[in-house]
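**Student:** So here's final-v2.txt (compact mmCIF, C-alpha atoms).
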```txt
# COMPACT_ATOMS: atom_id res chain seq x y z
CA MET Q 1 -59.75 -109.64 5.53
CA THR Q 2 -56.19 -110.02 4.36
CA ARG Q 3 -53.43 -108.13 5.94
CA PRO Q 4 -52.47 -105.96 2.92
CA LYS Q 5 -56.11 -105.10 2.33
CA PHE Q 6 -56.52 -104.09 5.95
CA ALA Q 7 -53.40 -101.94 5.75
CA ALA Q 8 -54.63 -100.31 2.59
CA LEU Q 9 -58.03 -99.58 4.10
CA THR Q 10 -56.45 -98.17 7.21
CA ALA Q 11 -54.22 -95.95 5.12
CA LEU Q 12 -57.23 -94.81 3.14
CA GLY Q 13 -59.17 -94.12 6.31
CA LEU Q 14 -56.29 -92.13 7.80
CA ALA Q 15 -55.91 -90.17 4.60
CA ALA Q 16 -59.61 -89.37 4.57
CA ALA Q 17 -59.44 -88.33 8.20
CA ALA Q 18 -56.46 -86.14 7.43
CA VAL Q 19 -58.33 -84.47 4.57
CA VAL Q 20 -61.36 -83.85 6.79
CA CYS Q 21 -59.16 -82.49 9.56
CA GLY Q 22 -57.28 -80.32 7.13
CA ALA Q 23 -60.51 -78.94 5.76
CA THR Q 24 -61.76 -78.25 9.27
CA LEU Q 25 -58.55 -76.43 10.10
CA ALA Q 26 -58.78 -74.37 6.96
CA THR Q 27 -62.33 -73.21 7.70
CA ALA Q 28 -61.85 -72.84 11.46
CA ALA Q 29 -62.50 -69.33 12.77
CA PRO Q 30 -59.32 -67.26 12.90
CA SER Q 31 -58.02 -66.39 16.33
CA ALA Q 32 -59.40 -63.39 18.18
CA GLY Q 33 -56.07 -61.65 17.63
CA THR Q 34 -56.26 -62.07 13.86
CA THR Q 35 -59.87 -60.90 13.72
CA ILE Q 36 -59.10 -57.83 15.84
CA ALA Q 37 -56.02 -56.98 13.76
CA THR Q 38 -58.05 -57.32 10.54
CA ARG Q 39 -60.89 -55.10 11.69
CA LYS Q 40 -58.46 -52.50 13.04
CA ALA Q 41 -56.69 -52.37 9.68
CA ASN Q 42 -60.09 -52.07 7.98
CA PHE Q 43 -61.17 -49.22 10.24
CA LYS Q 44 -57.92 -47.42 9.43
CA LYS Q 45 -58.67 -47.90 5.74
CA MET Q 46 -62.12 -46.38 6.28
CA GLY Q 47 -60.66 -43.53 8.33
CA ALA Q 48 -58.19 -42.74 5.57
CA ALA Q 49 -61.05 -42.82 3.04
CA MET Q 50 -63.08 -40.44 5.23
CA LYS Q 51 -60.12 -38.12 5.46
CA ALA Q 52 -59.74 -38.24 1.66
CA LEU Q 53 -63.42 -37.29 1.35
CA LYS Q 54 -62.97 -34.46 3.84
CA GLY Q 55 -60.07 -33.15 1.76
CA GLU Q 56 -62.01 -33.46 -1.51
CA LEU Q 57 -65.15 -31.83 -0.16
CA SER Q 58 -63.35 -28.90 1.46
CA GLY Q 59 -62.66 -27.65 -2.08
CA THR Q 60 -64.04 -28.56 -5.49
CA PRO Q 61 -64.41 -32.34 -5.28
CA ASP Q 62 -62.93 -34.67 -7.85
CA LYS Q 63 -65.76 -37.06 -8.69
CA ALA Q 64 -63.48 -40.06 -9.24
CA ALA Q 65 -61.68 -39.56 -5.92
CA VAL Q 66 -64.98 -39.22 -4.03
CA LEU Q 67 -66.34 -42.36 -5.71
CA LYS Q 68 -63.21 -44.34 -4.89
CA ALA Q 69 -63.31 -43.35 -1.20
CA ALA Q 70 -67.07 -43.95 -0.95
CA LYS Q 71 -66.66 -47.41 -2.48
CA THR Q 72 -63.87 -48.21 -0.04
CA ILE Q 73 -66.11 -47.29 2.89
CA ALA Q 74 -69.12 -49.22 1.56
CA ALA Q 75 -67.09 -52.35 0.73
CA THR Q 76 -65.05 -52.31 3.94
CA GLY Q 77 -68.16 -51.59 6.01
CA ARG Q 78 -69.75 -54.76 4.65
CA VAL Q 79 -66.71 -56.79 5.75
CA GLN Q 80 -66.53 -55.12 9.16
CA ALA Q 81 -70.04 -56.20 10.13
CA LYS Q 82 -68.82 -59.82 10.14
CA LEU Q 83 -65.64 -59.14 12.09
CA PHE Q 84 -67.17 -58.87 15.55
CA PRO Q 85 -67.84 -62.51 16.50
CA ALA Q 86 -68.32 -63.37 20.16
CA GLY Q 87 -65.03 -63.62 22.01
CA THR Q 88 -63.28 -60.78 20.20
CA GLY Q 89 -63.98 -58.14 22.83
CA PRO Q 90 -61.68 -56.91 25.59
CA SER Q 91 -62.19 -60.20 27.45
CA SER Q 92 -60.13 -61.89 24.72
CA GLY Q 93 -57.06 -60.34 26.32
CA GLU Q 94 -56.18 -58.63 23.03
CA LYS Q 95 -55.72 -54.89 22.83
CA THR Q 96 -59.01 -53.56 21.48
CA ASP Q 97 -61.19 -50.48 21.92
CA ALA Q 98 -64.29 -52.56 21.20
CA LEU Q 99 -66.59 -52.28 24.22
CA PRO Q 100 -68.50 -55.27 25.66
CA ALA Q 101 -71.70 -53.34 24.79
CA ILE Q 102 -71.25 -54.57 21.19
CA TRP Q 103 -72.20 -58.06 22.32
CA THR Q 104 -74.79 -57.10 24.93
CA LYS Q 105 -76.59 -54.72 22.55
CA ARG Q 106 -75.95 -56.71 19.44
CA ALA Q 107 -79.09 -55.60 17.57
CA THR Q 108 -78.24 -51.90 18.01
CA PHE Q 109 -74.68 -52.52 16.92
CA ASP Q 110 -75.69 -54.48 13.83
CA ALA Q 111 -78.25 -51.81 12.92
CA GLY Q 112 -75.49 -49.19 13.16
CA MET Q 113 -73.26 -51.23 10.87
CA THR Q 114 -76.09 -51.63 8.37
CA LYS Q 115 -76.77 -47.90 8.48
CA LEU Q 116 -73.12 -47.17 7.74
CA VAL Q 117 -73.23 -49.36 4.64
CA THR Q 118 -76.56 -47.85 3.55
CA GLU Q 119 -75.27 -44.29 3.90
CA ALA Q 120 -72.00 -45.16 2.16
CA ASP Q 121 -73.96 -46.70 -0.73
CA LYS Q 122 -76.00 -43.49 -0.94
CA LEU Q 123 -72.76 -41.54 -1.11
CA ILE Q 124 -71.72 -43.61 -4.14
CA THR Q 125 -75.06 -42.77 -5.80
CA VAL Q 126 -74.74 -39.08 -4.95
CA ALA Q 127 -71.10 -38.97 -6.09
CA ASN Q 128 -72.19 -40.33 -9.46
CA THR Q 129 -74.46 -37.28 -9.92
CA GLY Q 130 -71.45 -35.02 -9.37
CA ASN Q 131 -73.49 -32.62 -7.19
CA ALA Q 132 -70.95 -31.17 -4.71
CA SER Q 133 -73.40 -29.92 -2.08
CA ALA Q 134 -75.30 -33.22 -2.12
CA MET Q 135 -71.97 -35.04 -1.70
CA GLN Q 136 -71.12 -32.80 1.24
CA ALA Q 137 -74.48 -33.51 2.89
CA GLN Q 138 -74.17 -37.26 2.34
CA PHE Q 139 -70.58 -37.21 3.60
CA ARG Q 140 -71.94 -35.73 6.84
CA ALA Q 141 -74.52 -38.51 7.02
CA VAL Q 142 -71.78 -41.13 6.68
CA GLY Q 143 -69.63 -39.38 9.30
CA GLY Q 144 -72.63 -39.27 11.61
CA THR Q 145 -72.87 -43.06 11.53
CA CYS Q 146 -69.19 -43.36 12.58
CA GLY Q 147 -69.71 -41.09 15.57
CA ALA Q 148 -73.03 -42.62 16.59
CA CYS Q 149 -71.50 -46.10 16.96
CA HIS Q 150 -68.18 -44.94 18.40
CA LYS Q 151 -69.95 -43.11 21.21
CA GLN Q 152 -71.65 -46.29 22.41
CA PHE Q 153 -69.35 -49.06 21.32
CA ARG Q 154 -65.79 -47.75 21.26
CA ALA Q 155 -63.57 -47.02 24.27
CA ASP Q 156 -62.24 -43.48 24.22
CA MET T 1 -50.05 12.81 50.64
CA SER T 2 -52.21 9.74 50.61
CA GLU T 3 -52.08 7.30 53.51
CA ALA T 4 -52.74 4.27 51.30
CA PRO T 5 -49.83 1.83 51.23
CA ALA T 6 -47.45 2.62 48.39
CA THR T 7 -47.58 0.15 45.49
CA THR T 8 -45.48 -0.51 42.44
CA ARG T 9 -46.71 -1.76 39.06
CA ILE T 10 -45.34 -5.12 38.01
CA TRP T 11 -47.71 -6.56 35.37
CA ASP T 12 -49.02 -4.47 32.49
CA PRO T 13 -52.72 -4.80 31.54
CA THR T 14 -52.13 -6.79 28.36
CA ILE T 15 -50.09 -9.47 30.10
CA ARG T 16 -52.76 -9.81 32.78
CA LEU T 17 -55.42 -10.11 30.11
CA PHE T 18 -53.21 -12.65 28.30
CA HIS T 19 -52.80 -14.67 31.47
CA TRP T 20 -56.45 -14.88 32.45
CA LEU T 21 -57.70 -15.44 28.90
CA LEU T 22 -55.18 -18.26 28.63
CA VAL T 23 -56.49 -19.79 31.85
CA GLY T 24 -60.04 -19.55 30.51
CA PHE T 25 -59.31 -20.95 27.07
CA VAL T 26 -57.14 -23.81 28.33
CA GLY T 27 -59.99 -24.77 30.65
CA PHE T 28 -62.52 -24.41 27.84
CA SER T 29 -60.34 -26.50 25.51
CA TRP T 30 -60.13 -29.21 28.14
CA TRP T 31 -63.91 -29.24 28.54
CA THR T 32 -64.74 -29.20 24.82
CA GLY T 33 -62.08 -31.83 24.17
CA GLU T 34 -63.61 -34.16 26.74
CA GLN T 35 -67.07 -33.53 25.25
CA HIS T 36 -65.76 -34.11 21.72
CA ASP T 37 -67.23 -30.74 20.78
CA MET T 38 -64.71 -30.16 18.01
CA GLU T 39 -66.30 -26.98 16.62
CA TRP T 40 -65.70 -25.09 19.85
CA HIS T 41 -62.49 -26.99 20.58
CA ARG T 42 -60.97 -25.75 17.33
CA LEU T 43 -62.05 -22.15 17.97
CA SER T 44 -60.62 -22.31 21.46
CA GLY T 45 -57.34 -23.62 20.05
CA TYR T 46 -57.15 -20.71 17.58
CA ALA T 47 -57.70 -18.29 20.47
CA ILE T 48 -54.84 -19.92 22.39
CA LEU T 49 -52.62 -19.70 19.32
CA ALA T 50 -53.37 -15.97 19.04
CA LEU T 51 -52.58 -15.50 22.75
CA LEU T 52 -49.28 -17.39 22.46
CA VAL T 53 -48.16 -15.43 19.40
CA PHE T 54 -48.96 -12.22 21.24
CA ARG T 55 -46.98 -13.44 24.26
CA LEU T 56 -43.94 -14.31 22.15
CA PHE T 57 -44.08 -10.85 20.56
CA TRP T 58 -44.55 -9.23 23.99
CA GLY T 59 -41.50 -11.13 25.20
CA PHE T 60 -39.46 -8.83 22.99
CA ALA T 61 -41.63 -5.71 22.71
CA GLY T 62 -43.34 -5.57 26.10
CA PRO T 63 -42.36 -3.91 29.37
CA ARG T 64 -39.42 -5.18 31.43
CA THR T 65 -41.36 -7.85 33.36
CA ALA T 66 -42.66 -9.37 30.10
CA ARG T 67 -39.31 -9.59 28.33
CA PHE T 68 -37.59 -12.96 27.94
CA GLY T 69 -34.26 -11.15 28.06
CA GLN T 70 -35.12 -9.94 31.57
CA PHE T 71 -36.48 -13.07 33.20
CA VAL T 72 -34.77 -15.97 31.44
CA LYS T 73 -31.65 -16.55 33.54
CA GLY T 74 -28.72 -18.94 33.26
CA PRO T 75 -28.22 -22.05 35.40
CA ALA T 76 -26.04 -20.24 37.95
CA ALA T 77 -28.74 -17.67 38.72
CA VAL T 78 -31.39 -20.39 38.86
CA ALA T 79 -29.29 -22.47 41.25
CA ALA T 80 -28.56 -19.44 43.43
CA TYR T 81 -32.24 -18.59 43.58
CA ALA T 82 -33.22 -22.18 44.30
CA LYS T 83 -30.97 -22.10 47.38
CA THR T 84 -32.97 -19.20 48.82
CA LEU T 85 -36.33 -20.97 48.37
CA GLY T 86 -36.30 -22.27 51.92
CA SER T 87 -35.94 -18.78 53.34
CA LYS T 88 -39.09 -17.02 54.47
CA GLN T 89 -37.79 -13.84 52.91
CA ALA T 90 -39.82 -12.89 49.85
CA HIS T 91 -38.11 -12.38 46.52
CA ALA T 92 -37.87 -8.61 46.13
CA ALA T 93 -37.37 -8.20 42.38
CA ASP T 94 -40.41 -7.67 40.16
CA GLY T 95 -41.77 -10.21 37.74
CA HIS T 96 -40.75 -13.81 37.24
CA ASN T 97 -38.00 -15.07 39.54
CA PRO T 98 -35.14 -17.07 37.95
CA LEU T 99 -36.95 -20.37 38.60
CA GLY T 100 -40.40 -19.09 37.64
CA GLY T 101 -39.00 -17.70 34.40
CA TRP T 102 -38.22 -21.20 33.21
CA SER T 103 -41.62 -22.41 34.34
CA THR T 104 -43.15 -19.65 32.20
CA LEU T 105 -41.05 -20.63 29.19
CA ALA T 106 -41.94 -24.29 29.68
CA LEU T 107 -45.65 -23.48 29.80
CA ILE T 108 -45.48 -21.35 26.66
CA GLY T 109 -43.43 -24.00 24.85
CA VAL T 110 -45.68 -26.89 25.80
CA LEU T 111 -48.83 -24.96 24.93
CA LEU T 112 -47.33 -24.13 21.54
CA MET T 113 -46.58 -27.82 20.93
CA MET T 114 -50.14 -28.62 21.96
CA VAL T 115 -51.68 -26.10 19.55
CA VAL T 116 -49.46 -27.12 16.64
CA ALA T 117 -50.23 -30.82 17.22
CA GLY T 118 -53.92 -29.93 17.32
CA LEU T 119 -53.69 -28.13 13.98
CA PHE T 120 -52.43 -31.36 12.36
CA ALA T 121 -54.51 -33.85 14.35
CA ILE T 122 -57.29 -35.94 12.83
CA ASP T 123 -59.95 -37.83 14.78
CA VAL T 124 -60.35 -41.58 14.64
CA ASP T 125 -63.24 -41.26 12.15
CA GLY T 126 -61.07 -39.31 9.74
CA TRP T 127 -63.72 -36.67 9.26
CA ASP T 128 -62.95 -34.09 11.90
CA GLY T 129 -59.55 -32.58 12.51
CA GLY T 130 -57.28 -29.57 12.54
CA PRO T 131 -57.06 -27.30 9.49
CA LEU T 132 -53.56 -28.53 8.62
CA SER T 133 -54.49 -32.23 8.68
CA ASP T 134 -55.37 -32.00 4.98
CA TYR T 135 -51.67 -31.76 4.21
CA ILE T 136 -50.71 -35.09 5.81
CA THR T 137 -51.85 -38.72 5.74
CA PHE T 138 -54.44 -40.27 8.03
CA ASP T 139 -51.76 -42.19 9.98
CA GLN T 140 -49.66 -39.05 10.45
CA GLY T 141 -52.76 -37.15 11.59
CA ARG T 142 -53.51 -39.91 14.09
CA ALA T 143 -49.93 -39.69 15.40
CA PHE T 144 -50.40 -35.94 15.94
CA ALA T 145 -53.68 -36.66 17.74
CA ALA T 146 -51.93 -39.15 20.04
CA PHE T 147 -49.18 -36.61 20.72
CA HIS T 148 -51.86 -33.96 21.37
CA GLU T 149 -53.32 -36.22 24.07
CA THR T 150 -49.95 -37.00 25.64
CA VAL T 151 -48.82 -33.38 25.77
CA PHE T 152 -52.01 -32.50 27.61
CA ASN T 153 -50.72 -34.50 30.58
CA VAL T 154 -47.56 -32.41 30.57
CA ILE T 155 -49.70 -29.25 30.58
CA LEU T 156 -51.67 -30.56 33.55
CA ALA T 157 -48.43 -31.31 35.38
CA LEU T 158 -46.99 -27.83 34.69
CA VAL T 159 -50.25 -26.12 35.72
CA ALA T 160 -50.27 -28.17 38.92
CA LEU T 161 -46.67 -27.12 39.60
CA HIS T 162 -47.60 -23.49 38.86
CA ILE T 163 -50.47 -23.57 41.35
CA ALA T 164 -48.38 -25.42 43.93
CA ALA T 165 -45.68 -22.74 43.62
CA ILE T 166 -48.26 -19.99 44.14
CA ALA T 167 -49.56 -21.80 47.23
CA PHE T 168 -45.99 -22.24 48.50
CA TYR T 169 -45.28 -18.51 48.15
CA ALA T 170 -48.57 -17.63 49.85
CA VAL T 171 -48.05 -19.97 52.80
CA TRP T 172 -44.28 -20.07 53.28
CA LYS T 173 -43.17 -16.64 52.09
CA ARG T 174 -46.42 -14.79 52.84
CA GLN T 175 -46.31 -13.38 49.33
CA ARG T 176 -49.64 -13.26 47.50
CA LEU T 177 -49.02 -13.60 43.79
CA VAL T 178 -52.57 -13.91 42.48
CA PRO T 179 -53.76 -10.39 43.47
CA ALA T 180 -50.72 -8.97 41.68
CA MET T 181 -51.72 -10.80 38.49
CA ILE T 182 -55.22 -9.28 38.85
CA THR T 183 -54.38 -5.70 39.83
CA GLY T 184 -50.94 -5.56 38.25
CA LYS T 185 -49.51 -4.08 41.45
CA ARG T 186 -47.73 -5.20 44.57
CA LYS T 187 -47.06 -3.41 47.82
CA LEU T 188 -43.79 -1.60 48.10
CA ASP T 189 -41.44 -2.76 50.80
CA ALA T 190 -40.24 -0.19 53.31
CA GLY T 191 -37.52 1.95 51.81
CA GLU T 192 -38.19 0.66 48.30
CA THR T 193 -38.85 3.08 45.46
CA ALA T 194 -41.46 2.33 42.82
CA GLN T 195 -40.09 1.48 39.41
CA GLU T 196 -41.77 2.41 36.20
CA LEU T 197 -43.38 -0.17 33.96
CA ARG T 198 -43.18 1.34 30.53
CA TRP T 199 -45.10 -0.25 27.69
CA SER T 200 -46.44 0.97 24.41
CA PRO T 201 -50.16 0.60 23.61
CA VAL T 202 -49.28 0.85 19.92
CA LEU T 203 -46.91 -2.10 20.18
CA ALA T 204 -49.54 -3.97 22.18
CA LEU T 205 -52.00 -3.48 19.33
CA VAL T 206 -49.37 -4.66 16.86
CA GLY T 207 -48.88 -7.81 18.98
CA ILE T 208 -52.60 -8.45 19.21
CA ALA T 209 -53.02 -7.95 15.44
CA LEU T 210 -50.12 -10.31 14.83
CA GLY T 211 -51.63 -12.98 17.08
CA VAL T 212 -55.05 -12.72 15.46
CA ALA T 213 -53.52 -12.77 11.96
CA VAL T 214 -51.46 -15.91 12.61
CA ALA T 215 -54.37 -17.72 14.25
CA TRP T 216 -56.73 -16.76 11.42
CA ALA T 217 -54.22 -17.88 8.77
CA ALA T 218 -53.73 -21.22 10.52
CA SER T 219 -57.50 -21.69 10.87
CA THR T 220 -57.87 -21.51 7.08
CA GLY T 221 -55.07 -24.05 6.65
CA PHE T 222 -53.04 -21.23 5.06
CA ARG T 223 -55.39 -21.21 2.06
CA PHE T 224 -56.24 -17.66 1.24
```
For this file, write the structure as structure tokens.
**Tutor:**
Amino acid sequence: MTRPKFAALTALGLAAAAVVCGATLATAAPSAGTTIATRKANFKKMGAAMKALKGELSGTPDKAAVLKAAKTIAATGRVQAKLFPAGTGPSSGEKTDALPAIWTKRATFDAGMTKLVTEADKLITVANTGNASAMQAQFRAVGGTCGACHKQFRAD
Amino acid sequence: MSEAPATTRIWDPTIRLFHWLLVGFVGFSWWTGEQHDMEWHRLSGYAILALLVFRLFWGFAGPRTARFGQFVKGPAAVAAYAKTLGSKQAHAADGHNPLGGWSTLALIGVLLMMVVAGLFAIDVDGWDGGPLSDYITFDQGRAFAAFHETVFNVILALVALHIAAIAFYAVWKRQRLVPAMITGKRKLDAGETAQELRWSPVLALVGIALGVAVAWAASTGFRF
């Protein structure tokens, strides 16, 4: 093997390695801090949407506003379910109200997350009918899923 | 003439009722708050709001011992009174002493802040909150909720001070303040003449109606 060829191959190899490394870095799990910050922001978004629903349903609801809030909850709920990887609890050293029970009772937690999304989807369906009392009832069902999980999995 | 020890009236019935209802509802609010029983917690808060509004009204329309103008004293009077605290001699004048007057005002003020913060507070789920939370954003409502929690510690501290002061008077000055808040009377000292405690039942009813009206209006979020 000639010297220039060897140098070229080495360069190629290094470049390939760099690409692979770069790709790995890009897909690497974000830090616990980032994950916790993201899910907190998402929960706030859902809280604000719940509050918007509460406001709408305390009077004559505006169908479009109810739909928008319900869609926010359903879409954000789907994202949230994936934002509790192992190592993002209080042991991470980050400030979080997530209790260790999330990871010890994972199946219960995941079922609660699924239920939230299911109930939020139902709220979208109900909102489309425009029936105010049905919206009110389904809003309660969604709120119930918040409370049910928070009681077990969120520090007070 | 009766041989029973002579007494003098110091607390009118409405202020005694106010006091003990306040004790009960603050305790009940604490309990329901801890239990996250927001239905009862809200109702308890409205009751406290009605009591506080009545008390503010009574501070101007009530008998002498209820009036702010009578028991809220300047710093000189407070300092002078504080100097006599060490003495075993009981404070002879009726009603709140110059130091206790400020403690009363502080309690009323802090409880008012607590109730108002509660009216605007929203829970973390965004679906349960005070009747005025509809007027503000979720983040603002959460800030009120955080404040509501912080102020509770101040209430606990003031109540602890209140009870400690009562214990101090009972032990050090041999003056029992709790029976007076129950019966409305205290024993007359030798050579002391009983003073009248004039109050108007009509004005009391006005105060109660005012308290109930304000609390009811707030509970609807001022939507009539």
**Student:** Select, from Q:Ala98, Q:Met50, Q:Ala155, Q:Ala148, the residue with the minimum atom-to-atom distance to Ala74 (chain Q), counting only C-alpha atoms.
**Tutor:**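 Answer, going by the shortest atom-to-atom distance: Q:Met50.
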**Student:** Give me, as a list in words, the residues of chain T touching chain Q, with the criterion being at most 6 Å (counting only C-alpha atoms).
**Tutor:**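 Per the criterion, chain T yields Asp125, Gly126, Trp127, Asp134 and Phe138 of chain T.
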**Student:** Give me, please, the distance in Å between CA of Ile208 (chain T) and CA of Leu52 (chain T), quoted to one decimal.
**Tutor:**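 Between CA of Ile208 (chain T) and CA of Leu52 (chain T) the gap works out to 10.1 Å.
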**Student:** Which residues, written as number ranges by chain, have at least one atom at most 12 Å from Tyr46 (chain T), with all atoms listed in the file counted and residues fewer than 2 positions away on the same chain left out?
**Tutor:** T: 22, 25-26, 29, 39-44, 48-53, 111-112, 114-116, 118-119, 130-131, 211-221
**Student:** Restricting the calculation to all atoms listed in the file: of T:Leu210, T:Ala47, T:Leu188, T:Leu203, which residue gets closest to Ala93 (chain T)?
**Tutor:**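 The closest residue to Ala93 (chain T) is T:Leu188.
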**Student:** From the options T:Gly129, T:Gly95, T:Gly100, T:Gly59, which residue's atoms come nearest to Met38 (chain T), counting all atoms listed in the file?
**Tutor:** T:Gly129
**Student:** Write out as a list in words which residues come within 9 Å of region 83-87 of chain Q when counting all atoms listed in the file, dropping same-chain ones fewer than 2 positions away.
**Tutor:**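 The residues that qualify are Ala32, Thr35, Ile36, Thr38, Arg39, Val79, Gln80, Ala81, Gly89, Pro90, Ser91, Ser92, Ala98, Ile102 and Trp103 of chain Q.
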**Student:** Keeping only C-alpha atoms, write those residues as a PDB file, keeping the file's coordinate frame.
**Tutor:**
```pdb
ATOM      1  CA  ALA Q  32     -59.400 -63.390  18.180  1.00  0.00           C
ATOM      2  CA  THR Q  35     -59.870 -60.900  13.720  1.00  0.00           C
ATOM      3  CA  ILE Q  36     -59.100 -57.830  15.840  1.00  0.00           C
ATOM      4  CA  THR Q  38     -58.050 -57.320  10.540  1.00  0.00           C
ATOM      5  CA  ARG Q  39     -60.890 -55.100  11.690  1.00  0.00           C
ATOM      6  CA  VAL Q  79     -66.710 -56.790   5.750  1.00  0.00           C
ATOM      7  CA  GLN Q  80     -66.530 -55.120   9.160  1.00  0.00           C
ATOM      8  CA  ALA Q  81     -70.040 -56.200  10.130  1.00  0.00           C
ATOM      9  CA  GLY Q  89     -63.980 -58.140  22.830  1.00  0.00           C
ATOM     10  CA  PRO Q  90     -61.680 -56.910  25.590  1.00  0.00           C
ATOM     11  CA  SER Q  91     -62.190 -60.200  27.450  1.00  0.00           C
ATOM     12  CA  SER Q  92     -60.130 -61.890  24.720  1.00  0.00           C
ATOM     13  CA  ALA Q  98     -64.290 -52.560  21.200  1.00  0.00           C
ATOM     14  CA  ILE Q 102     -71.250 -54.570  21.190  1.00  0.00           C
ATOM     15  CA  TRP Q 103     -72.200 -58.060  22.320  1.00  0.00           C
TER      16      TRP Q 103
END
```
**Student:** Figure out the distance between CA of Thr114 (chain Q) and CA of Thr60 (chain Q), please, to one decimal in Å.
**Tutor:**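 Distance between the two atoms: 29.5 Å.
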